[in-house]
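Novice: Here you go, this is my_file-v4.txt (compact mmCIF, C-alpha atoms).
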# COMPACT_ATOMS: atom_id res chain seq x y z
CA MET V 1 10.38 -20.34 -1.33
CA LYS V 2 7.91 -23.02 -2.41
CA ALA V 3 4.97 -20.61 -2.29
CA GLY V 4 6.61 -18.55 -5.05
CA VAL V 5 6.98 -15.44 -2.90
CA SER V 6 9.28 -12.81 -4.39
CA LEU V 7 8.45 -9.71 -2.33
CA ALA V 8 8.39 -9.24 1.44
CA ALA V 9 7.38 -6.10 3.33
CA THR V 10 8.59 -6.25 6.90
CA LEU V 11 8.75 -4.54 10.26
CA PRO V 12 10.81 -6.14 13.02
CA ASP V 13 9.64 -8.06 16.04
CA ASP V 14 12.03 -10.05 18.24
CA TRP V 15 10.58 -13.38 17.23
CA VAL V 16 10.58 -12.87 13.45
CA ASN V 17 13.82 -10.90 13.15
CA GLY V 18 15.68 -14.05 12.11
CA LEU V 19 13.24 -14.55 9.25
CA ILE V 20 13.52 -10.91 8.24
CA ARG V 21 17.32 -11.17 8.16
CA ARG V 22 17.06 -14.22 5.91
CA VAL V 23 14.70 -12.38 3.59
CA ALA V 24 17.05 -9.40 3.48
CA GLN V 25 19.90 -11.68 2.39
CA ASP V 26 17.85 -13.54 -0.24
CA ASN V 27 18.46 -12.09 -3.68
CA ALA V 28 15.30 -13.76 -5.00
CA ILE V 29 13.08 -11.71 -2.69
CA ARG V 30 12.54 -7.96 -2.97
CA HIS V 31 12.71 -6.73 0.62
CA ILE V 32 10.78 -3.61 1.61
CA PRO V 33 11.33 -2.54 5.22
CA VAL V 34 8.59 -0.16 6.38
CA GLY V 35 7.98 2.37 9.13
CA ARG V 36 4.56 1.12 10.20
CA GLU V 37 2.98 -2.30 9.80
CA ALA V 38 -0.09 -1.14 7.89
CA GLU V 39 2.23 -0.18 5.04
CA THR V 40 3.01 -3.86 4.60
CA ILE V 41 -0.65 -4.59 3.94
CA ALA V 42 -0.96 -1.95 1.22
CA ILE V 43 2.42 -2.81 -0.32
CA CYS V 44 1.43 -6.47 -0.61
CA ALA V 45 -1.94 -5.45 -2.05
CA GLY V 46 -0.23 -3.33 -4.69
CA ALA V 47 2.23 -6.11 -5.50
CA PHE V 48 -0.72 -8.47 -6.00
CA PHE V 49 -1.82 -6.37 -8.98
CA GLY V 50 1.66 -6.61 -10.40
CA GLY V 51 1.36 -10.39 -10.48
CA VAL V 52 3.86 -10.81 -7.65
CA ARG V 53 3.37 -13.11 -4.67
CA ALA V 54 4.11 -11.10 -1.57
CA VAL V 55 4.14 -11.53 2.20
CA ALA V 56 4.00 -9.17 5.15
CA ILE V 57 6.28 -10.20 8.03
CA ILE V 58 5.31 -8.46 11.25
CA GLY V 59 4.72 -8.90 14.95
CA ASN V 60 1.41 -9.60 16.60
CA THR V 61 1.26 -6.05 17.95
CA GLY V 62 1.70 -4.75 14.43
CA LEU V 63 -1.04 -6.98 13.08
CA LEU V 64 -3.38 -5.52 15.66
CA THR V 65 -2.66 -2.03 14.30
CA CYS V 66 -3.37 -3.11 10.70
CA THR V 67 -6.93 -4.28 11.03
CA GLY V 68 -8.49 -1.05 9.74
CA GLU V 69 -6.46 -1.17 6.52
CA MET V 70 -7.01 -4.92 6.21
CA ALA V 71 -10.75 -4.27 6.37
CA THR V 72 -11.13 -1.11 4.28
CA LEU V 73 -8.58 -2.00 1.62
CA CYS V 74 -8.52 -5.80 1.48
CA LEU V 75 -12.06 -6.71 2.47
CA ARG V 76 -13.45 -3.75 0.57
CA HIS V 77 -11.78 -4.81 -2.68
CA ALA V 78 -11.44 -8.56 -1.97
CA ILE V 79 -7.64 -8.48 -2.11
CA PRO V 80 -5.67 -11.36 -0.57
CA VAL V 81 -2.69 -10.45 1.64
CA PHE V 82 -0.58 -13.09 3.38
CA CYS V 83 0.82 -12.06 6.77
CA ILE V 84 3.49 -14.00 8.66
CA VAL V 85 3.10 -13.00 12.28
CA SER V 86 4.89 -13.76 15.54
CA ALA V 87 2.41 -15.40 17.95
CA ARG V 88 3.34 -12.99 20.71
CA GLY V 89 1.38 -13.00 23.93
CA SER V 90 1.17 -16.78 24.04
CA ILE V 91 1.33 -18.75 27.27
CA ASP V 92 5.10 -18.99 26.97
CA ASP V 93 5.56 -15.26 26.30
CA HIS V 94 5.99 -13.40 29.57
CA MET V 95 6.77 -9.99 28.12
CA VAL V 96 4.26 -7.74 29.82
CA TYR V 97 3.44 -5.54 26.82
CA GLN V 98 2.45 -8.53 24.67
CA GLU V 99 -0.30 -9.69 26.98
CA VAL V 100 -3.31 -8.01 25.40
CA GLN V 101 -2.33 -9.04 21.87
CA GLY V 102 -2.11 -12.65 23.00
CA ARG V 103 -5.68 -12.63 24.20
CA ARG V 104 -7.40 -10.37 21.72
CA THR V 105 -5.78 -10.62 18.25
CA ILE V 106 -7.33 -13.93 17.23
CA PRO V 107 -10.83 -13.01 18.45
CA LEU V 108 -10.48 -9.78 16.48
CA LEU V 109 -9.47 -11.69 13.34
CA GLN V 110 -12.46 -13.94 13.85
CA ALA V 111 -14.74 -10.93 14.15
CA TYR V 112 -13.52 -9.68 10.76
CA ASP V 113 -13.67 -13.22 9.31
CA PHE V 114 -9.96 -13.08 8.50
CA PRO V 115 -8.67 -16.66 8.33
CA TYR V 116 -5.55 -17.63 10.25
CA ARG V 117 -3.39 -20.64 11.08
CA VAL V 118 -0.96 -21.27 13.92
CA ILE V 119 2.25 -23.11 13.01
CA ASP V 120 3.87 -24.68 16.06
CA ARG V 121 5.93 -27.56 14.67
CA GLU V 122 8.56 -27.97 11.98
CA ASP V 123 6.51 -30.57 10.08
CA GLU V 124 3.72 -28.02 9.65
CA ILE V 125 5.95 -25.70 7.64
CA GLU V 126 5.34 -27.72 4.50
CA THR V 127 1.67 -26.68 4.64
CA ILE V 128 2.58 -23.04 4.01
CA PRO V 129 2.37 -23.22 0.18
CA ASP V 130 -1.13 -24.67 0.54
CA ALA V 131 -2.01 -21.90 2.96
CA TYR V 132 -0.73 -19.34 0.49
CA GLN V 133 -2.85 -20.69 -2.34
CA TRP V 134 -5.84 -20.98 -0.02
CA HIS V 135 -5.63 -17.36 1.07
CA ARG V 136 -5.75 -16.28 -2.59
CA LEU V 137 -8.92 -18.28 -2.97
CA GLN V 138 -10.33 -16.65 0.18
CA LYS V 139 -9.58 -13.19 -1.29
CA ARG V 140 -8.88 -11.60 2.07
CA PRO V 141 -6.06 -11.13 4.57
CA PHE V 142 -4.63 -14.27 6.14
CA ALA V 143 -2.45 -14.49 9.26
CA LEU V 144 0.08 -17.29 9.64
CA PHE V 145 1.20 -17.24 13.26
CA LEU V 146 4.62 -18.65 14.11
CA THR V 147 4.94 -19.79 17.72
CA LYS V 148 7.84 -19.36 20.09
CA ASN V 149 8.29 -23.12 20.09
CA LEU V 150 8.68 -23.23 16.31
CA LEU V 151 10.96 -20.22 16.09
CA ARG V 152 13.13 -21.58 18.93
CA SER V 153 13.53 -24.89 17.12
CA ARG V 154 14.39 -23.11 13.86
CA ARG V 155 17.14 -21.17 15.62
CA ALA V 156 18.59 -24.35 17.13
CA MET O 1 -4.87 26.16 -9.38
CA LYS O 2 -8.10 24.20 -9.33
CA THR O 3 -7.96 20.45 -8.79
CA GLY O 4 -9.84 19.76 -12.01
CA ASP O 5 -7.41 21.85 -14.06
CA ALA O 6 -4.42 20.15 -12.46
CA MET O 7 -5.91 16.75 -13.25
CA LYS O 8 -6.42 17.72 -16.88
CA VAL O 9 -2.76 18.64 -17.15
CA LEU O 10 -1.71 15.39 -15.49
CA ALA O 11 -3.97 13.44 -17.84
CA LYS O 12 -2.38 15.19 -20.81
CA HIS O 13 1.07 14.09 -19.68
CA ARG O 14 0.16 10.66 -18.33
CA GLY O 15 1.62 8.68 -21.19
CA ASP O 16 1.58 5.01 -20.19
CA ALA O 17 1.77 5.56 -16.43
CA ILE O 18 -0.29 3.31 -14.17
CA VAL O 19 -2.21 5.58 -11.80
CA VAL O 20 -3.17 4.82 -8.19
CA CYS O 21 -5.44 7.39 -6.50
CA ALA O 22 -5.98 8.12 -2.84
CA LEU O 23 -9.65 8.19 -1.94
CA GLY O 24 -11.48 11.50 -1.95
CA THR O 25 -10.41 14.54 -3.92
CA ALA O 26 -7.53 12.89 -5.80
CA ALA O 27 -9.55 9.90 -6.92
CA ASN O 28 -12.66 11.91 -7.71
CA GLY O 29 -10.67 14.50 -9.66
CA TRP O 30 -8.77 11.90 -11.69
CA TRP O 31 -12.00 10.09 -12.53
CA ALA O 32 -13.67 13.33 -13.58
CA ALA O 33 -10.75 14.20 -15.85
CA THR O 34 -10.15 10.78 -17.39
CA ARG O 35 -12.89 8.20 -16.71
CA SER O 36 -9.84 5.93 -16.62
CA GLU O 37 -10.76 2.33 -15.85
CA ASP O 38 -7.15 1.15 -15.80
CA SER O 39 -6.43 3.24 -12.72
CA PHE O 40 -6.91 2.05 -9.15
CA TYR O 41 -9.12 4.20 -6.96
CA MET O 42 -8.69 3.44 -3.26
CA HIS O 43 -12.04 3.10 -1.52
CA GLY O 44 -10.51 2.81 1.93
CA ALA O 45 -7.26 2.61 3.86
CA MET O 46 -6.87 6.39 3.82
CA GLY O 47 -3.16 7.16 3.79
CA PHE O 48 -2.02 3.99 2.11
CA ALA O 49 -2.40 4.65 -1.62
CA ALA O 50 1.30 5.55 -1.64
CA SER O 51 2.21 2.21 -0.07
CA PHE O 52 -0.03 0.38 -2.54
CA ALA O 53 1.66 2.22 -5.41
CA LEU O 54 5.10 1.36 -4.04
CA GLY O 55 4.19 -2.33 -3.98
CA LEU O 56 2.91 -2.09 -7.54
CA ALA O 57 6.02 -0.20 -8.69
CA ALA O 58 8.25 -2.83 -7.08
CA ALA O 59 6.29 -5.61 -8.75
CA ILE O 60 6.45 -4.10 -12.25
CA PRO O 61 9.70 -2.12 -12.33
CA ARG O 62 9.48 -1.61 -16.10
CA ALA O 63 6.22 0.34 -15.78
CA PRO O 64 5.94 3.98 -14.76
CA VAL O 65 3.65 4.27 -11.72
CA TRP O 66 2.03 7.44 -10.43
CA VAL O 67 0.33 7.83 -7.10
CA LEU O 68 -2.10 10.73 -6.86
CA ASN O 69 -2.10 11.30 -3.14
CA SER O 70 -3.72 14.07 -1.14
CA ASP O 71 -2.68 16.15 1.84
CA GLY O 72 -5.11 14.44 4.21
CA SER O 73 -4.03 10.99 3.08
CA LEU O 74 -0.33 11.80 3.18
CA CYS O 75 -0.65 13.03 6.74
CA MET O 76 -2.19 9.73 7.79
CA ASN O 77 0.94 7.90 6.66
CA LEU O 78 3.89 10.29 6.50
CA GLY O 79 6.13 7.30 7.13
CA CYS O 80 5.43 6.18 3.57
CA LEU O 81 8.00 8.77 2.49
CA LEU O 82 10.73 7.02 4.50
CA THR O 83 9.77 3.66 3.03
CA GLU O 84 9.70 5.13 -0.46
CA ALA O 85 13.07 6.80 0.03
CA GLY O 86 14.51 3.56 1.36
CA GLN O 87 13.52 1.78 -1.83
CA GLN O 88 14.39 4.61 -4.29
CA PRO O 89 11.93 3.25 -6.87
CA GLY O 90 13.05 4.62 -10.23
CA ASN O 91 9.58 4.17 -11.73
CA LEU O 92 7.48 5.92 -9.08
CA LYS O 93 6.22 9.51 -9.13
CA HIS O 94 4.37 10.72 -6.05
CA PHE O 95 1.93 13.61 -6.57
CA VAL O 96 0.15 15.20 -3.62
CA VAL O 97 -2.98 17.25 -4.23
CA ASP O 98 -2.98 19.74 -1.38
CA ASN O 99 -6.17 21.72 -0.89
CA GLN O 100 -5.39 22.35 2.79
CA CYS O 101 -8.62 20.77 3.94
CA TYR O 102 -10.61 17.58 4.16
CA GLN O 103 -12.69 18.58 1.17
CA THR O 104 -15.04 15.61 1.00
CA VAL O 105 -16.02 16.08 4.62
CA SER O 106 -17.23 19.66 4.45
CA ASN O 107 -13.86 21.36 3.90
CA MET O 108 -12.73 20.93 7.48
CA PRO O 109 -9.21 22.37 7.83
CA MET O 110 -6.04 20.27 7.62
CA VAL O 111 -3.89 20.11 10.70
CA ASN O 112 -1.17 22.80 10.68
CA ARG O 113 -2.18 23.80 7.16
CA ASP O 114 -0.40 27.14 7.29
CA GLY O 115 2.85 25.73 8.56
CA ALA O 116 3.47 22.51 6.67
CA ASP O 117 5.94 22.18 3.80
CA TYR O 118 5.35 18.75 2.27
CA ALA O 119 8.16 18.97 -0.28
CA ALA O 120 10.59 19.76 2.53
CA ILE O 121 9.25 16.82 4.51
CA ALA O 122 9.79 14.55 1.49
CA ARG O 123 13.34 15.82 1.04
CA GLY O 124 13.97 15.32 4.74
CA ALA O 125 12.77 11.74 4.41
CA GLY O 126 15.32 11.11 1.70
CA ILE O 127 13.52 11.87 -1.57
CA ALA O 128 15.94 14.24 -3.25
CA ARG O 129 13.65 15.30 -6.09
CA ALA O 130 10.77 17.05 -4.31
CA ILE O 131 9.10 20.20 -5.58
CA SER O 132 6.01 22.35 -5.07
CA ILE O 133 3.91 23.66 -7.94
CA ASP O 134 1.02 26.08 -7.55
CA THR O 135 -0.06 27.05 -11.06
CA VAL O 136 -1.43 25.10 -13.99
CA HIS O 137 1.09 26.80 -16.27
CA ASP O 138 4.04 25.65 -14.16
CA LEU O 139 2.65 22.14 -13.88
CA ASP O 140 2.25 21.88 -17.65
CA ARG O 141 5.73 23.29 -18.19
CA ARG O 142 7.44 20.98 -15.72
CA MET O 143 5.69 17.71 -16.53
CA PRO O 144 8.06 16.69 -19.35
CA GLU O 145 11.01 17.01 -16.98
CA ILE O 146 9.12 15.18 -14.22
CA ASN O 147 8.29 12.35 -16.61
CA ALA O 148 11.85 12.12 -17.89
CA ALA O 149 13.52 12.13 -14.49
CA PRO O 150 13.99 8.92 -12.51
CA GLY O 151 11.93 8.35 -9.43
CA PRO O 152 11.28 8.70 -6.70
CA TYR O 153 9.98 12.16 -7.48
CA PHE O 154 7.65 13.98 -5.08
CA ILE O 155 5.44 16.68 -6.60
CA HIS O 156 3.37 18.78 -4.23
CA LEU O 157 0.44 20.42 -6.04
CA ARG O 158 -1.04 23.36 -4.20
CA VAL O 159 -4.69 23.63 -5.26
CA GLU O 160 -7.67 25.67 -4.12
CA ALA O 161 -10.24 24.31 -1.73
CA GLU O 162 -13.56 24.24 -3.53
CA ASP O 163 -17.07 24.39 -2.15
CA ASP O 164 -18.54 22.50 -5.07
CA TYR O 165 -17.06 19.17 -4.13
CA GLN O 166 -18.56 15.77 -4.66
CA ARG O 167 -19.24 13.92 -1.45
CA PRO O 168 -20.18 10.45 -2.75
CA PRO O 169 -17.59 8.67 -4.94
CA PRO O 170 -18.42 9.36 -8.60
CA PHE O 171 -17.37 5.98 -9.95
CA SER O 172 -19.91 3.71 -11.58
CA TYR O 173 -18.27 0.64 -10.03
CA GLU O 174 -16.62 -0.20 -6.73
CA GLY O 175 -15.16 -2.84 -4.40
CA PRO O 176 -14.41 -6.18 -6.06
CA GLU O 177 -15.25 -4.83 -9.51
CA MET O 178 -12.51 -2.23 -9.00
CA LYS O 179 -10.14 -5.11 -8.28
CA TYR O 180 -11.07 -7.12 -11.34
CA ARG O 181 -11.17 -4.23 -13.80
CA PHE O 182 -7.75 -3.01 -12.67
CA GLY O 183 -6.23 -6.48 -12.39
CA ARG O 184 -7.45 -7.54 -15.81
CA ALA O 185 -6.09 -4.30 -17.26
CA MET O 186 -2.68 -5.10 -15.74
CA GLU O 187 -2.78 -8.64 -17.13
CA LYS O 188 -3.71 -7.43 -20.59
CA ARG O 189 -1.15 -4.69 -20.70
CA PHE O 190 1.84 -6.46 -19.19
CA GLY O 191 1.16 -10.10 -19.99
CA ILE O 192 1.31 -10.97 -16.30
CA GLU O 193 -0.87 -13.31 -14.29
CA VAL O 194 -2.73 -11.53 -11.50
CA PHE O 195 -5.61 -13.93 -10.94
CA GLY O 196 -4.38 -17.34 -11.97
CA PRO O 197 -5.83 -19.90 -14.37
CA THR O 198 -9.09 -20.36 -12.46
CA GLY O 199 -9.76 -16.73 -11.77
CA PHE O 200 -8.44 -16.08 -8.25
Rewrite the coordinates I just gave you, this time as structure tokens.
Specialist:
Amino acid sequence: MKAGVSLAATLPDDWVNGLIRRVAQDNAIRHIPVGREAETIAICAGAFFGGVRAVAIIGNTGLLTCTGEMATLCLRHAIPVFCIVSARGSIDDHMVYQEVQGRRTIPLLQAYDFPYRVIDREDEIETIPDAYQWHRLQKRPFALFLTKNLLRSRRA
Amino acid sequence: MKTGDAMKVLAKHRGDAIVVCALGTAANGWWAATRSEDSFYMHGAMGFAASFALGLAAAIPRAPVWVLNSDGSLCMNLGCLLTEAGQQPGNLKHFVVDNQCYQTVSNMPMVNRDGADYAAIARGAGIARAISIDTVHDLDRRMPEINAAPGPYFIHLRVEAEDDYQRPPPFSYEGPEMKYRFGRAMEKRFGIEVFGPTGF
């Protein structure tokens, strides 16, 4: 991975399961499946102090559950954590239990001043290493949302 | 066993372990016993010191890592035991200081404090080496074996609740300074790059 990531803490969501399977098969990445998404935040924070570039791969619902830990661990100590998140609840997601996340996650991130970026097209993928470096400079959690459109095209 | 006495024994046997402390009694007790500035004291995310320590242990597999957890913190993230068992980190030792109460918030009682068996829970999660210790003498006697054994190793320390607790964190630094002191200590000790050439 061009961003130099060698550790990924993950919890499945339909849209990012393909990415998680690829991570699990990649011998260059230490894969840590977890039981609750907030663990991914703390695992990545710990890995940061070991000099390892880490990512959390989770669903939008999971990100919503992590905001307390993102605030009291990462904001409190100014620790960058890079989250790759399914953009569930978008206009093309008609799963009823994703609806609230689609409307409220980004406003919540804005309230915390957690930066984020939505990746919708293949040609935007090459910006991810820049985003990774930028989140380290920001010294706080960062959410990279992957849209249904992007993930559909990557499966094709 | 008093928390302070347990911490003194742990400090005696620490060797070169990196120590991560859950906020509250564990962190305050370790600071009181060691004044260690190359330990990480969580100032938030109650329950997730164990996850933080797992990430650190995975990142530096050649280094022994201890997490000094507490009963209140463990119960906020019992799933950490499943994650830890799934990884089987050979360099991680997981201590839980169990005073059966939320000591830094007026000794309010822990949920189901008379019925919980944390070592059994850890074994049930898949951590085969899981024990309970309730005296300073036993802790001192068993520490060489605990240090020598591969992780994951779960050590439940039954301590007394104490009225003379310290409510505010005792550390003389906090927040970002905690990050930089700990990160610089890791860089210096392991020759790794935590912050990069321009400091972030």
Novice: Can you pull out every residue within 8 Å of Ala45 of chain O, counting only C-alpha atoms, but drop anything in the same chain fewer than 2 positions away, and send it as an MDAnalysis selection string?
Specialist: (chainID V and resid 68:70 72:73) or (chainID O and resid 42:43 47:49)
Novice: Which value, in Å to one decimal, gives the distance between atom CA of Val65 of chain O and atom CA of Leu92 of chain O?
Specialist: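 Computing the Euclidean distance for atom CA of Val65 of chain O and atom CA of Leu92 of chain O yields 4.9 Å.
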Novice: If I take atom CA of Gly183 of chain O and atom CA of Ser39 of chain O, how far is one from the other in Å, to one decimal?
Specialist: 9.7 Å
Novice: Measuring between only C-alpha atoms, which one of O:Pro170, O:Ile121, O:Phe52, O:Ala58 shows the shortest distance to Ile79 of chain V?
Specialist: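 Closest residue, counting only C-alpha atoms: O:Phe52.
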Novice: Compute the distance from (-9.3, 13.6, -21.5) to each atom, counting only C-alpha atoms, keep the residues with any atom at most 9 Å away, and return them as number ranges by chain; use the coordinates of the file.
Specialist: O: 8, 11-12, 33-35
Novice: Which residues of chain V are close to chain O, meaning at most 7 Å apart when you count all atoms listed in the file, and how do they look as a ChimeraX atom specification?
Specialist: /V:32-35,39,42-52,69,72-73,76-78,136-137
Novice: Could you jot down the atom CA of Arg62 of chain O to atom CA of Ala17 of chain O separation for me, Å, one decimal place?
Specialist: 10.5 Å
Novice: Segment 112-125 of chain V: which residues within 8 Å, counting all atoms listed in the file, same-chain residues fewer than 4 positions away excluded, as a PyMOL selection string?
Specialist: chain V and resi 71+87+108+135+140-150+153-154
